[in-house]
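Next comes query.pdb, with PDB, C-alpha atoms and all ligand atoms.
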ATOM      1  CA  MET A  20      -1.970  10.956  -6.321
ATOM      2  CA  ARG A  21      -5.590   9.995  -6.171
ATOM      3  CA  CYS A  22      -7.797   9.927  -3.174
ATOM      4  CA  ALA A  23     -10.929   8.204  -1.997
ATOM      5  CA  SER A  24     -13.703   7.871  -4.507
ATOM      6  CA  PRO A  25     -16.465  10.422  -4.066
ATOM      7  CA  GLY A  26     -18.908   7.915  -2.639
ATOM      8  CA  VAL A  27     -16.427   6.935  -0.021
ATOM      9  CA  VAL A  28     -15.549  10.461   0.857
ATOM     10  CA  LEU A  29     -19.237  11.116   1.358
ATOM     11  CA  LEU A  30     -19.606   7.989   3.414
ATOM     12  CA  ALA A  31     -16.612   8.852   5.480
ATOM     13  CA  LEU A  32     -17.797  12.402   6.002
ATOM     14  CA  VAL A  33     -21.134  11.189   7.173
ATOM     15  CA  SER A  34     -19.902   8.515   9.508
ATOM     16  CA  VAL A  35     -16.755  10.050  10.916
ATOM     17  CA  THR A  36     -14.915  13.287  10.738
ATOM     18  CA  LEU A  37     -12.418  12.630   8.074
ATOM     19  CA  SER A  38      -9.158  14.052   9.297
ATOM     20  CA  GLY A  39      -8.127  15.541   5.994
ATOM     21  CA  CYS A  40      -7.255  13.493   3.002
ATOM     22  CA  GLY A  41      -3.635  12.917   2.121
ATOM     23  CA  GLY A  42      -0.737  15.179   2.948
ATOM     24  CA  ALA A  43      -1.046  18.895   2.722
ATOM     25  CA  LYS A  44       0.625  18.925  -0.662
ATOM     26  CA  ASP A  45      -2.201  16.975  -2.276
ATOM     27  CA  ALA A  46      -5.066  18.792  -0.683
ATOM     28  CA  GLY A  47      -5.906  20.937  -3.694
ATOM     29  CA  GLU A  48      -5.723  18.108  -6.153
ATOM     30  CA  GLU A  49      -7.864  15.895  -3.990
ATOM     31  CA  LYS A  50     -10.481  18.502  -3.483
ATOM     32  CA  ALA A  51     -10.701  18.943  -7.224
ATOM     33  CA  ALA A  52     -11.082  15.215  -7.716
ATOM     34  CA  THR A  53     -13.835  15.061  -5.137
ATOM     35  CA  VAL A  54     -15.771  17.840  -6.734
ATOM     36  CA  SER A  55     -15.300  17.060 -10.399
ATOM     37  CA  SER A  56     -15.570  13.295 -10.698
ATOM     38  CA  THR A  57     -19.102  12.032 -10.763
ATOM     39  CA  SER A  58     -18.443   8.415 -11.587
ATOM     40  CA  THR A  59     -16.128   5.997  -9.881
ATOM     41  CA  PRO A  60     -13.255   4.834 -12.056
ATOM     42  CA  SER A  61     -14.525   1.769 -13.806
ATOM     43  CA  PRO A  62     -12.490  -0.943 -12.147
ATOM     44  CA  GLY A  63     -14.026  -3.819 -14.031
ATOM     45  CA  ALA A  64     -11.764  -6.304 -15.615
ATOM     46  CA  VAL A  65      -8.664  -6.698 -13.528
ATOM     47  CA  ALA A  66      -7.037 -10.084 -13.891
ATOM     48  CA  LEU A  67      -6.149 -11.221 -10.412
ATOM     49  CA  PRO A  68      -2.937 -13.185  -9.917
ATOM     50  CA  ALA A  69      -3.486 -16.876  -9.224
ATOM     51  CA  ASN A  70      -3.191 -18.539  -5.813
ATOM     52  CA  LEU A  71      -3.436 -15.347  -3.821
ATOM     53  CA  ASP A  72      -4.035 -17.180  -0.579
ATOM     54  CA  GLN A  73      -1.089 -19.555  -0.901
ATOM     55  CA  GLY A  74       2.203 -19.233   0.926
ATOM     56  CA  PRO A  75       3.228 -17.673   4.217
ATOM     57  CA  ARG A  76       1.041 -15.129   5.959
ATOM     58  CA  ALA A  77       2.231 -11.538   5.561
ATOM     59  CA  GLY A  78       2.858 -11.128   9.272
ATOM     60  CA  GLU A  79       5.346 -13.986   9.351
ATOM     61  CA  SER A  80       7.978 -11.702   7.861
ATOM     62  CA  ASP A  81       9.486  -8.671   9.527
ATOM     63  CA  TYR A  82       8.094  -5.221   8.876
ATOM     64  CA  GLU A  83       9.815  -1.969   8.027
ATOM     65  CA  GLU A  84       9.318   0.626  10.709
ATOM     66  CA  ALA A  85       9.363   3.659   8.401
ATOM     67  CA  LYS A  86       6.906   2.133   5.962
ATOM     68  CA  ALA A  87       4.621   1.118   8.804
ATOM     69  CA  LYS A  88       4.568   4.723  10.006
ATOM     70  CA  LEU A  89       3.615   5.904   6.547
ATOM     71  CA  GLY A  90       0.995   3.170   6.379
ATOM     72  CA  GLU A  91      -0.526   4.299   9.646
ATOM     73  CA  ALA A  92      -0.999   7.798   8.262
ATOM     74  CA  LEU A  93      -2.419   6.437   5.007
ATOM     75  CA  PHE A  94      -4.845   4.249   6.904
ATOM     76  CA  LYS A  95      -6.443   7.405   8.301
ATOM     77  CA  ASP A  96      -5.955   9.702   5.343
ATOM     78  CA  LYS A  97      -7.335   7.277   2.768
ATOM     79  CA  GLY A  98     -10.532   6.675   4.671
ATOM     80  CA  CYS A  99      -9.811   3.101   5.802
ATOM     81  CA  SER A 100     -10.399   3.978   9.434
ATOM     82  CA  ALA A 101     -13.973   4.982   8.585
ATOM     83  CA  CYS A 102     -14.803   1.299   8.192
ATOM     84  CA  HIS A 103     -12.003  -0.602   9.914
ATOM     85  CA  ALA A 104     -10.548  -0.749  13.395
ATOM     86  CA  PHE A 105      -8.305  -3.128  15.321
ATOM     87  CA  GLY A 106      -9.986  -5.189  17.970
ATOM     88  CA  LYS A 107     -13.504  -4.292  17.007
ATOM     89  CA  ARG A 108     -15.800  -4.533  14.052
ATOM     90  CA  VAL A 109     -16.983  -1.323  12.462
ATOM     91  CA  THR A 110     -18.762  -1.610   9.090
ATOM     92  CA  GLY A 111     -15.837  -3.624   7.710
ATOM     93  CA  PRO A 112     -13.937  -6.556   9.192
ATOM     94  CA  ASP A 113     -11.906  -6.191  12.372
ATOM     95  CA  LEU A 114      -8.319  -5.897  11.141
ATOM     96  CA  ALA A 115      -6.668  -7.195  14.306
ATOM     97  CA  GLY A 116      -4.587 -10.164  13.235
ATOM     98  CA  VAL A 117      -5.276  -9.616   9.549
ATOM     99  CA  SER A 118      -1.599 -10.027   8.611
ATOM    100  CA  MET A 119      -1.612 -13.412  10.299
ATOM    101  CA  ARG A 120      -4.604 -14.677   8.351
ATOM    102  CA  ARG A 121      -3.794 -13.316   4.893
ATOM    103  CA  THR A 122      -0.856 -13.325   2.523
ATOM    104  CA  GLN A 123       0.841 -10.168   1.352
ATOM    105  CA  ALA A 124      -0.448 -10.695  -2.189
ATOM    106  CA  TRP A 125      -4.017 -11.273  -1.065
ATOM    107  CA  MET A 126      -4.102  -8.044   0.959
ATOM    108  CA  GLU A 127      -2.496  -6.062  -1.841
ATOM    109  CA  GLN A 128      -5.233  -7.135  -4.220
ATOM    110  CA  GLN A 129      -7.951  -6.525  -1.648
ATOM    111  CA  ILE A 130      -6.726  -2.978  -1.150
ATOM    112  CA  LEU A 131      -6.006  -2.209  -4.815
ATOM    113  CA  HIS A 132      -8.960  -4.047  -6.411
ATOM    114  CA  PRO A 133     -11.618  -4.668  -3.772
ATOM    115  CA  GLU A 134     -14.421  -4.695  -6.337
ATOM    116  CA  THR A 135     -12.739  -7.467  -8.310
ATOM    117  CA  MET A 136     -11.758  -9.420  -5.225
ATOM    118  CA  THR A 137     -15.302  -9.687  -3.879
ATOM    119  CA  LYS A 138     -16.381 -11.051  -7.249
ATOM    120  CA  GLN A 139     -13.523 -13.410  -8.027
ATOM    121  CA  ASP A 140     -11.750 -14.340  -4.823
ATOM    122  CA  PRO A 141     -13.570 -16.859  -2.624
ATOM    123  CA  ILE A 142     -12.402 -15.390   0.708
ATOM    124  CA  SER A 143     -13.209 -11.841  -0.262
ATOM    125  CA  HIS A 144     -16.547 -12.954  -1.623
ATOM    126  CA  GLN A 145     -17.308 -14.646   1.672
ATOM    127  CA  LEU A 146     -16.468 -11.450   3.585
ATOM    128  CA  PHE A 147     -18.674  -9.501   1.231
ATOM    129  CA  ALA A 148     -21.556 -11.850   1.994
ATOM    130  CA  GLN A 149     -20.894 -11.587   5.696
ATOM    131  CA  PHE A 150     -20.611  -7.796   5.879
ATOM    132  CA  ALA A 151     -23.141  -7.043   3.156
ATOM    133  CA  LEU A 152     -20.986  -4.158   2.011
ATOM    134  CA  GLN A 153     -18.590  -3.653  -0.878
ATOM    135  CA  MET A 154     -15.279  -2.195   0.183
ATOM    136  CA  PRO A 155     -14.705   0.768  -2.133
ATOM    137  CA  ASN A 156     -11.559   1.305  -4.138
ATOM    138  CA  GLN A 157      -9.664   3.996  -2.245
ATOM    139  CA  GLY A 158      -7.277   4.690  -5.117
ATOM    140  CA  LEU A 159      -4.068   3.730  -3.362
ATOM    141  CA  THR A 160      -0.931   3.156  -5.387
ATOM    142  CA  PRO A 161       0.691  -0.285  -5.024
ATOM    143  CA  GLU A 162       3.395   1.326  -2.914
ATOM    144  CA  GLU A 163       0.826   2.911  -0.605
ATOM    145  CA  ALA A 164      -0.967  -0.407  -0.296
ATOM    146  CA  ARG A 165       2.287  -2.069   0.720
ATOM    147  CA  ALA A 166       2.900   0.625   3.340
ATOM    148  CA  VAL A 167      -0.544   0.006   4.832
ATOM    149  CA  ILE A 168       0.233  -3.716   4.944
ATOM    150  CA  GLU A 169       3.470  -2.943   6.803
ATOM    151  CA  TYR A 170       1.311  -1.093   9.307
ATOM    152  CA  PHE A 171      -0.926  -4.163   9.710
ATOM    153  CA  LYS A 172       2.160  -6.299  10.258
ATOM    154  CA  HIS A 173       3.431  -3.811  12.818
ATOM    155  CA  LYS A 174       0.099  -3.951  14.675
ATOM    156  CA  ASP A 175       0.151  -7.738  14.742
ATOM    157  CA  HIS A 176       3.783  -7.906  15.844
ATOM    158  CA  GLU A 177       2.952  -5.510  18.680
ATOM    159  CA  VAL A 178       0.199  -7.808  19.860
ATOM    160  CA  GLY A 179       2.474 -10.838  19.569
ATOM    161  CA  GLU A 180       5.169  -9.137  21.606
ATOM    162  CA  GLY A 181       2.653  -8.108  24.232
ATOM    163  CA  ARG A 182       1.468 -11.674  24.513
ATOM    164  CA  GLU A 183       4.962 -12.991  24.908
ATOM    165  CA  ALA A 184       5.762 -10.454  27.586
ATOM    166  CA  GLY A 185       2.583 -11.382  29.397
ATOM    167  CA  LYS A 186       3.435 -15.051  29.211
ATOM    168  CA  GLU A 187       6.710 -14.665  31.079
ATOM    169  CA  LYS A 188       6.701 -16.671  34.234
ATOM    170  CA  ASP A 189       9.345 -17.652  36.708
TER     171      ASP A 189
HETATM  172  C1  LIG A 201     -16.830   1.689   3.186
HETATM  173  C2  LIG A 201     -16.140   0.836   4.111
HETATM  174  C3  LIG A 201     -14.706   0.429   3.821
HETATM  175  C4  LIG A 201     -13.619   1.234   3.565
HETATM  176  C5  LIG A 201     -13.564   2.739   3.412
HETATM  177  C6  LIG A 201     -12.480   0.350   3.492
HETATM  178  N1  LIG A 201     -12.867  -0.934   3.676
HETATM  179 FE1  LIG A 201     -11.647  -2.564   3.760
HETATM  180  N2  LIG A 201     -13.260  -3.757   3.834
HETATM  181  C7  LIG A 201     -14.571  -3.347   3.911
HETATM  182  C8  LIG A 201     -15.445  -4.498   3.773
HETATM  183  C9  LIG A 201     -16.957  -4.478   3.820
HETATM  184  C10 LIG A 201     -14.606  -5.615   3.608
HETATM  185  C11 LIG A 201     -15.002  -7.078   3.333
HETATM  186  C12 LIG A 201     -14.934  -7.314   1.818
HETATM  187  C13 LIG A 201     -16.043  -6.576   1.087
HETATM  188  O1  LIG A 201     -17.217  -6.798   1.431
HETATM  189  O2  LIG A 201     -15.744  -5.765   0.188
HETATM  190  C14 LIG A 201     -13.241  -5.126   3.689
HETATM  191  C15 LIG A 201     -12.111  -5.926   3.666
HETATM  192  C16 LIG A 201     -10.828  -5.488   3.908
HETATM  193  C17 LIG A 201      -9.683  -6.322   4.161
HETATM  194  C18 LIG A 201      -9.701  -7.829   4.342
HETATM  195  C19 LIG A 201     -10.061  -8.114   5.807
HETATM  196  C20 LIG A 201      -9.920  -9.550   6.224
HETATM  197  O3  LIG A 201     -10.420  -9.901   7.301
HETATM  198  O4  LIG A 201      -9.310 -10.323   5.494
HETATM  199  C21 LIG A 201      -8.613  -5.508   4.272
HETATM  200  C22 LIG A 201      -7.172  -5.910   4.526
HETATM  201  C23 LIG A 201      -9.085  -4.151   4.099
HETATM  202  N3  LIG A 201     -10.441  -4.178   3.908
HETATM  203  C24 LIG A 201      -8.282  -3.029   4.132
HETATM  204  C25 LIG A 201      -8.741  -1.746   3.857
HETATM  205  C26 LIG A 201      -7.877  -0.609   3.660
HETATM  206  C27 LIG A 201      -6.370  -0.635   3.753
HETATM  207  C28 LIG A 201      -8.686   0.456   3.399
HETATM  208  C29 LIG A 201      -8.275   1.851   3.061
HETATM  209  C30 LIG A 201      -7.385   1.996   1.925
HETATM  210  C31 LIG A 201     -10.062  -0.013   3.445
HETATM  211  N4  LIG A 201     -10.040  -1.348   3.716
HETATM  212  C32 LIG A 201     -11.180   0.785   3.256
HETATM  213  C33 LIG A 201     -15.006  -2.055   4.067
HETATM  214  C34 LIG A 201     -14.216  -0.936   3.870
END
In structure tokens, what does this structure look like?
Amino acid sequence: MRCASPGVVLLALVSVTLSGCGGAKDAGEEKAATVSSTSTPSPGAVALPANLDQGPRAGESDYEEAKAKLGEALFKDKGCSACHAFGKRVTGPDLAGVSMRRTQAWMEQQILHPETMTKQDPISHQLFAQFALQMPNQGLTPEEARAVIEYFKHKDHEVGEGREAGKEKD
């Protein structure tokens, strides 16, 4: 299992107190990676799937509770929370409602290949221009990325349910 790239770990350490990185079982491996690797893995030439932004939004489908829980932990452990929050802008976009504005496939690519997305995908490129910051590749596996997306869906469902409850009138 890989962890945040060194630059990101540094960034995260500077800006927030990173609450450990990954589960306890990976701690040694991750420390080694942080110390030994001097260059970020060259992401370069990933061919993005076509029509990433077409189809239903991720949050339109149900989420899996267990995966969402895992995703919540990953969101902190993989450094995402250093730049992202829900309901406010940090250095990256506010992720409240993100599953209602993006497709599953789009978010997967953004998480797995952010450096390619900002270059090739028009939406990601636009965000890059707006935030003047490249989201770093945090080295998640596709499965981890999907768990984080389940967490986003969970967050957005929560908000939706809250709204509905609030709307109730007699
Ligand atoms: C160093 C700051 C930083 C870190 C760490 C980071 N991001 Fe981002 N993220 C950004 C920025 C900036 C953008 C906008 C695109 C760009 O400029 O690269 C973005 C875009 C996104 C988007 C699209 C938001 C939208 O409105 O459509 C998602 C989803 C996302 N990030 C998820 C994650 C996840 C999950 C992690 C952790 C695995 C993560 N980010 C880590 C800065 C960060």
> Which residues sit within 6 Å of ligand LIG 201 (chain A), counting all atoms listed in the file, listed as a PyMOL selection string?
Replying inline: chain A and resi 94+97-99+101-102+111-112+114+117+126+130+133+137+143+146-147+150+152-155+157+167
For those residues, write C-alpha atoms to a file as a compact mmCIF listing (two decimals), in the frame of the given file.
# COMPACT_ATOMS: atom_id res chain seq x y z
CA PHE A 94 -4.84 4.25 6.90
CA LYS A 97 -7.34 7.28 2.77
CA GLY A 98 -10.53 6.68 4.67
CA CYS A 99 -9.81 3.10 5.80
CA ALA A 101 -13.97 4.98 8.59
CA CYS A 102 -14.80 1.30 8.19
CA GLY A 111 -15.84 -3.62 7.71
CA PRO A 112 -13.94 -6.56 9.19
CA LEU A 114 -8.32 -5.90 11.14
CA VAL A 117 -5.28 -9.62 9.55
CA MET A 126 -4.10 -8.04 0.96
CA ILE A 130 -6.73 -2.98 -1.15
CA PRO A 133 -11.62 -4.67 -3.77
CA THR A 137 -15.30 -9.69 -3.88
CA SER A 143 -13.21 -11.84 -0.26
CA LEU A 146 -16.47 -11.45 3.58
CA PHE A 147 -18.67 -9.50 1.23
CA PHE A 150 -20.61 -7.80 5.88
CA LEU A 152 -20.99 -4.16 2.01
CA GLN A 153 -18.59 -3.65 -0.88
CA MET A 154 -15.28 -2.19 0.18
CA PRO A 155 -14.70 0.77 -2.13
CA GLN A 157 -9.66 4.00 -2.24
CA VAL A 167 -0.54 0.01 4.83
>> Residue by residue, what does the PyMOL selection byres (((chain A and resi 136) around 12) and not hetatm) grab here? Present the result as a ChimeraX atom specification.
In response: /A:62-69,71-72,124-135,137-147,153-156
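From CA of Thr110 in chain A back to CA of Gly158 in chain A, the distance works out to 19.3 Å.
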Box along x, y and z, 3 Å on every side, all listed atoms of range 118-133 of chain A inside: centre and edge lengths in Å to one decimal, as JSON.
{"center_x": -5.4, "center_y": -8.4, "center_z": 1.9, "size_x": 18.5, "size_y": 18.5, "size_z": 22.7}
> How many Å separate CA of Asp96 in chain A from CA of Thr122 in chain A?
Replying inline: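 Interatomic distance, CA of Asp96 in chain A to CA of Thr122 in chain A: 23.8 Å.
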> Looking at all atoms listed in the file, which of A:Ala85, A:Ser80, A:Asn70, A:Arg108 is the one that sits closest to Ala166 in chain A?
Replying inline: A:Ala85
> Which is closer to Tyr170 in chain A than all the others in A:Val109, A:Ala77, A:Leu93, A:Ala87, using all atoms listed in the file?
Replying inline: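 Looking only at the distances to Tyr170 in chain A, the closest residue turns out to be A:Ala87.
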> Written as a ChimeraX atom specification, which residues does the PyMOL selection byres (((chain A and resi 82) around 6) and not hetatm) give for the file shown?
Replying inline: /A:81,83,169
Selection in question (the file shown): the PyMOL selection byres (((chain A and resi 115) around 9) and not hetatm). Which residues does it include, as a short mmCIF file (atom, residue, chain, number, x, y, z; two decimals) with C-alpha atoms, in the coordinates of the input?
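Saved result, selection.cif, follows:
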data_model
loop_
_atom_site.label_atom_id
_atom_site.label_comp_id
_atom_site.auth_asym_id
_atom_site.auth_seq_id
_atom_site.Cartn_x
_atom_site.Cartn_y
_atom_site.Cartn_z
CA ALA A 104 -10.55 -0.75 13.40
CA PHE A 105 -8.30 -3.13 15.32
CA GLY A 106 -9.99 -5.19 17.97
CA LYS A 107 -13.50 -4.29 17.01
CA PRO A 112 -13.94 -6.56 9.19
CA ASP A 113 -11.91 -6.19 12.37
CA LEU A 114 -8.32 -5.90 11.14
CA GLY A 116 -4.59 -10.16 13.24
CA VAL A 117 -5.28 -9.62 9.55
CA SER A 118 -1.60 -10.03 8.61
CA MET A 119 -1.61 -13.41 10.30
CA PHE A 171 -0.93 -4.16 9.71
CA LYS A 174 0.10 -3.95 14.68
CA ASP A 175 0.15 -7.74 14.74
CA VAL A 178 0.20 -7.81 19.86
#
> CA of Lys88 in chain A and CA of Leu159 in chain A, how far apart in Å?
Replying inline: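 It comes out at 15.9 Å.
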>> Ranking A:Glu162, A:Arg120, A:Glu180, A:Lys172 by minimum distance to Glu84 in chain A and counting all atoms listed in the file, which one comes first?
In response: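 Going through A:Glu162, A:Arg120, A:Glu180, A:Lys172 one by one, the smallest distance to Glu84 in chain A is for A:Lys172.
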> Counting only C-alpha atoms, which of A:Ala92, A:Gly179, A:His103, A:Ala164 gets nearest to Glu79 in chain A?
Replying inline: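 Closest residue, counting only C-alpha atoms: A:Gly179.
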